[in-house]
Amino acid sequence: MKLLVVGVGGQVARSLVERARGSSVEVLSIGRPDVDLEIAGGAEQAILSEAPDIVVNSAAYTAVDDAEEEPERAFRINAEAAGEIAGAAARAQAPIIHLSTDYVFDGRASEPYREDAATAPLSVYGRSKLAGEERVRAANPHHLIIRTSWVYSPFGRNFVKTMLRLAGEKDEIAIVADQRGSPTSALDIADAVIGILDGVKSGASGTFHYAGRGICSWADVAEQIFAVSRALGGPNAAVRRISTSDYPTRAVRPAFSALDSGHFEAEFGIGAREWRNGVAEVVERLIGAS
């Protein structure tokens with residue numbers, strides 16, 4: 001099966017390339033500089049010429065705070081380009097798997113969000129991703145949207161890598177403890193995507209949640225990172241728990257954005273991994289590579 005992934009340098013794209021090695025899935029990634037999503041129709045020709053079996057759009061403008069000052073750029077990449085990619089996939093007679101985010105919710109829930117929960121994004125980033133979902137649905141009837149959350153991996157820039165870097169510079173790090181969610185390894189997302197390809201090719205569609213199992217705060221994640229790193233002789237630091245008000249940001253984050261992955265597991269038989277195990281795997285890889 002030929003999988004065309006938009007977003008060549010992203011965490012999920014790189015994880016898909018790694019996880020597909022040795023399988024029957026051929027992964028071709030496209031992105032800058034060859035494909036620029038800030039240019040209208042930037043990905044269409046590549047999709048049509050490659051004639052993939054399935055297209056995965058993992059590309060996104062993910063600078064949540066910068067999006068507050070660059071709304072046009074965020075909407076161009078996260079909404080307009082997403083619709084164009086889905087439309088090009090439809091013209092190539094290919095389903096589209098589109099990755100979205102927990103930030104489409106306002107964080108007022110007390111239980112993990114299901115797919116039918118009301119959306120009410122608090123930030124430009126969240127609104128642009130929600131608009132992207134809507135455009136994907138309109139452009140390609142054979143779509144599968146996966147909302148995920150708090151993504152980290154051995155690749156690119158993410159919370160796990162930032163914490164390990166800061167632990168090499170400081171003895172104590174202040175981390176927000178009143179935002180709760182579901183950390184998700186991009187390696188697990190890649191495994192899940194590969195695991196559903198046959199189902200998607202056979203017609204599975206809709207909106208699903210897939211995120212690490214369990215609920216925690218950013219401070220909890222940091223403590224797990226440092227505990228694993230410490231045991232391996234890597235950098236670690238004390239965590240000072242602070243509130244969101246102690247660490248103001250340009251974009252408002254949802255206070256609670258855990259996702260319920262039960263629908264995904266029931267449909268595809270693939271369960272999300274407990275978040276601590278995913279974090280431990282990535283920390284072990286990063287420490288081993290340093």
# chains A, B, ... in the order shown; residues from 1 in each chain; ligands from 1

$ closest_atom_pairs --of "region 179-252 of chain A" --to "region 43-63 of chain A" --cutoff "12 Å" --atoms "only C-alpha atoms" --output "tab-separated table"
residue	atom	partner	partner_atom	distance
A:Ala186	CA	A:Ser58	CA	10.6
A:Ile189	CA	A:Ser58	CA	10.6
A:Ala190	CA	A:Ser58	CA	10.4
A:Val193	CA	A:Val56	CA	8.8
A:Ile194	CA	A:Val56	CA	10.5
A:Ile196	CA	A:Ile54	CA	11.0
A:Leu197	CA	A:Ile54	CA	7.8
A:Asp198	CA	A:Ile54	CA	9.8
A:Gly199	CA	A:Ile54	CA	11.2
A:Val200	CA	A:Ile54	CA	8.2
A:Lys201	CA	A:Ile54	CA	7.3
A:Ser202	CA	A:Ile54	CA	11.0
A:Gly203	CA	A:Ile54	CA	11.4
A:Thr249	CA	A:Ala63	CA	11.9
A:Arg250	CA	A:Ala63	CA	11.0
A:Ala251	CA	A:Ala63	CA	9.9

$ write_last_selection --atoms "C-alpha atoms" --output "short mmCIF file (atom, residue, chain, number, x, y, z; two decimals), in the first residue's frame"
data_model
loop_
_atom_site.label_atom_id
_atom_site.label_comp_id
_atom_site.auth_asym_id
_atom_site.auth_seq_id
_atom_site.Cartn_x
_atom_site.Cartn_y
_atom_site.Cartn_z
CA ALA A 186 3.90 10.20 17.76
CA ILE A 189 0.06 7.58 16.46
CA ALA A 190 2.10 6.16 13.58
CA VAL A 193 -2.41 4.97 11.52
CA ILE A 194 -0.64 1.99 9.95
CA ILE A 196 -6.12 1.27 10.35
CA LEU A 197 -5.01 1.61 6.71
CA ASP A 198 -6.84 -1.48 5.51
CA GLY A 199 -9.98 -0.34 7.30
CA VAL A 200 -9.76 3.13 5.80
CA LYS A 201 -9.15 1.71 2.34
CA SER A 202 -12.25 -0.44 2.82
CA GLY A 203 -14.38 2.59 3.65
CA THR A 249 1.06 32.97 27.33
CA ARG A 250 -0.39 34.78 24.33
CA ALA A 251 -2.73 31.91 23.53
#

$ select_by_dssp --residues "region 129-217 of chain A" --states "alpha helix (DSSP H)" --output "MDAnalysis selection string"
chainID A and resid 129:139 159:167 186:201

$ closest_residue --among "A:Gln179, A:Trp275, A:Asp220, A:Arg230" --to "Tyr247 (chain A)" --atoms "only C-alpha atoms"
A:Gln179

$ select_by_dssp --residues "region 79-226 of chain A" --states "strand (DSSP E)" --output "MDAnalysis selection string"
chainID A and resid 96:101 143:148 151:152 172:176 180:181 184:185 206:209 216:217

$ residues_around --residues "Phe226 (chain A)" --least-positions-apart "2" --cutoff "8 Å" --atoms "only C-alpha atoms" --output "PDB file with N, CA and C atoms, in the first residue's frame"
ATOM      1  N   LEU A 164      14.375  17.696  28.806  1.00  0.00           N
ATOM      2  CA  LEU A 164      15.714  17.120  28.947  1.00  0.00           C
ATOM      3  C   LEU A 164      16.795  18.173  28.719  1.00  0.00           C
ATOM      4  N   ALA A 222       6.566  16.086  33.240  1.00  0.00           N
ATOM      5  CA  ALA A 222       7.952  16.446  33.514  1.00  0.00           C
ATOM      6  C   ALA A 222       8.562  15.524  34.572  1.00  0.00           C
ATOM      7  N   GLU A 223       7.808  15.233  35.614  1.00  0.00           N
ATOM      8  CA  GLU A 223       8.324  14.354  36.667  1.00  0.00           C
ATOM      9  C   GLU A 223       8.602  12.949  36.136  1.00  0.00           C
ATOM     10  N   GLN A 224       7.753  12.461  35.241  1.00  0.00           N
ATOM     11  CA  GLN A 224       8.003  11.152  34.637  1.00  0.00           C
ATOM     12  C   GLN A 224       9.249  11.193  33.758  1.00  0.00           C
ATOM     13  N   VAL A 228      12.626   8.819  34.653  1.00  0.00           N
ATOM     14  CA  VAL A 228      13.212   7.856  33.709  1.00  0.00           C
ATOM     15  C   VAL A 228      14.641   8.252  33.357  1.00  0.00           C
ATOM     16  N   SER A 229      14.842   9.540  33.101  1.00  0.00           N
ATOM     17  CA  SER A 229      16.176  10.021  32.750  1.00  0.00           C
ATOM     18  C   SER A 229      17.161   9.788  33.890  1.00  0.00           C
ATOM     19  N   ARG A 230      16.719  10.065  35.114  1.00  0.00           N
ATOM     20  CA  ARG A 230      17.595   9.878  36.295  1.00  0.00           C
ATOM     21  C   ARG A 230      18.038   8.431  36.410  1.00  0.00           C
ATOM     22  N   PRO A 235      20.089  13.672  32.371  1.00  0.00           N
ATOM     23  CA  PRO A 235      19.800  14.913  33.086  1.00  0.00           C
ATOM     24  C   PRO A 235      18.445  14.850  33.782  1.00  0.00           C
ATOM     25  N   ASN A 236      18.367  15.481  34.942  1.00  0.00           N
ATOM     26  CA  ASN A 236      17.088  15.556  35.646  1.00  0.00           C
ATOM     27  C   ASN A 236      17.069  16.806  36.505  1.00  0.00           C
ATOM     28  N   ALA A 237      15.887  17.190  36.906  1.00  0.00           N
ATOM     29  CA  ALA A 237      15.727  18.409  37.703  1.00  0.00           C
ATOM     30  C   ALA A 237      14.513  18.254  38.601  1.00  0.00           C
TER      31      ALA A 237
END

$ closest_residue --among "A:Leu187, A:Ile85, A:Ala280, A:Ala192" --to "Ala13 (chain A)" --atoms "only C-alpha atoms"
A:Leu187

$ residues_around --residues "region 140-145 of chain A" --least-positions-apart "6" --cutoff "10 Å" --atoms "only C-alpha atoms" --output "PyMOL selection string"
chain A and resi 54-57+83-91+93-101+133+200-201+203-209

$ residues_around --residues "Gly107 (chain A)" --least-positions-apart "6" --cutoff "8 Å" --atoms "only C-alpha atoms" --output "MDAnalysis selection string"
chainID A and resid 253:257

$ write_last_selection --atoms "N, CA and C atoms" --output "compact mmCIF listing (two decimals), in the first residue's frame"
# COMPACT_ATOMS: atom_id res chain seq x y z
N ARG A 253 -4.85 28.24 26.66
CA ARG A 253 -4.92 26.79 26.53
C ARG A 253 -6.12 26.24 27.31
N PRO A 254 -6.72 25.16 26.83
CA PRO A 254 -7.79 24.53 27.62
C PRO A 254 -7.23 23.96 28.91
N ALA A 255 -7.95 24.16 30.01
CA ALA A 255 -7.49 23.65 31.30
C ALA A 255 -7.60 22.13 31.38
N PHE A 256 -8.52 21.55 30.60
CA PHE A 256 -8.71 20.10 30.58
C PHE A 256 -8.99 19.69 29.15
N SER A 257 -8.14 18.86 28.58
CA SER A 257 -8.35 18.47 27.18
C SER A 257 -8.06 17.00 26.93

$ atom_distance --atom1 "CA of Ala272 (chain A)" --atom2 "CA of Gly234 (chain A)"
27.3 Å

$ atom_distance --atom1 "CA of Val8 (chain A)" --atom2 "CA of Arg32 (chain A)"
7.4 Å

$ residues_around --residues "Phe155 (chain A)" --least-positions-apart "2" --cutoff "7 Å" --atoms "only C-alpha atoms" --output "list in words"
Gln11, Ser153 and Arg157 of chain A

$ closest_residue --among "A:Val283, A:Ala211, A:Val12, A:Ile270" --to "Thr148 (chain A)" --atoms "only C-alpha atoms"
A:Ala211

$ closest_residue --among "A:Glu172, A:Glu284, A:Glu38, A:Asp102" --to "Arg76 (chain A)" --atoms "only C-alpha atoms"
A:Glu38

$ closest_residue --among "A:Ala109, A:Leu4, A:Leu37, A:Val124" --to "Glu69 (chain A)" --atoms "only C-alpha atoms"
A:Val124
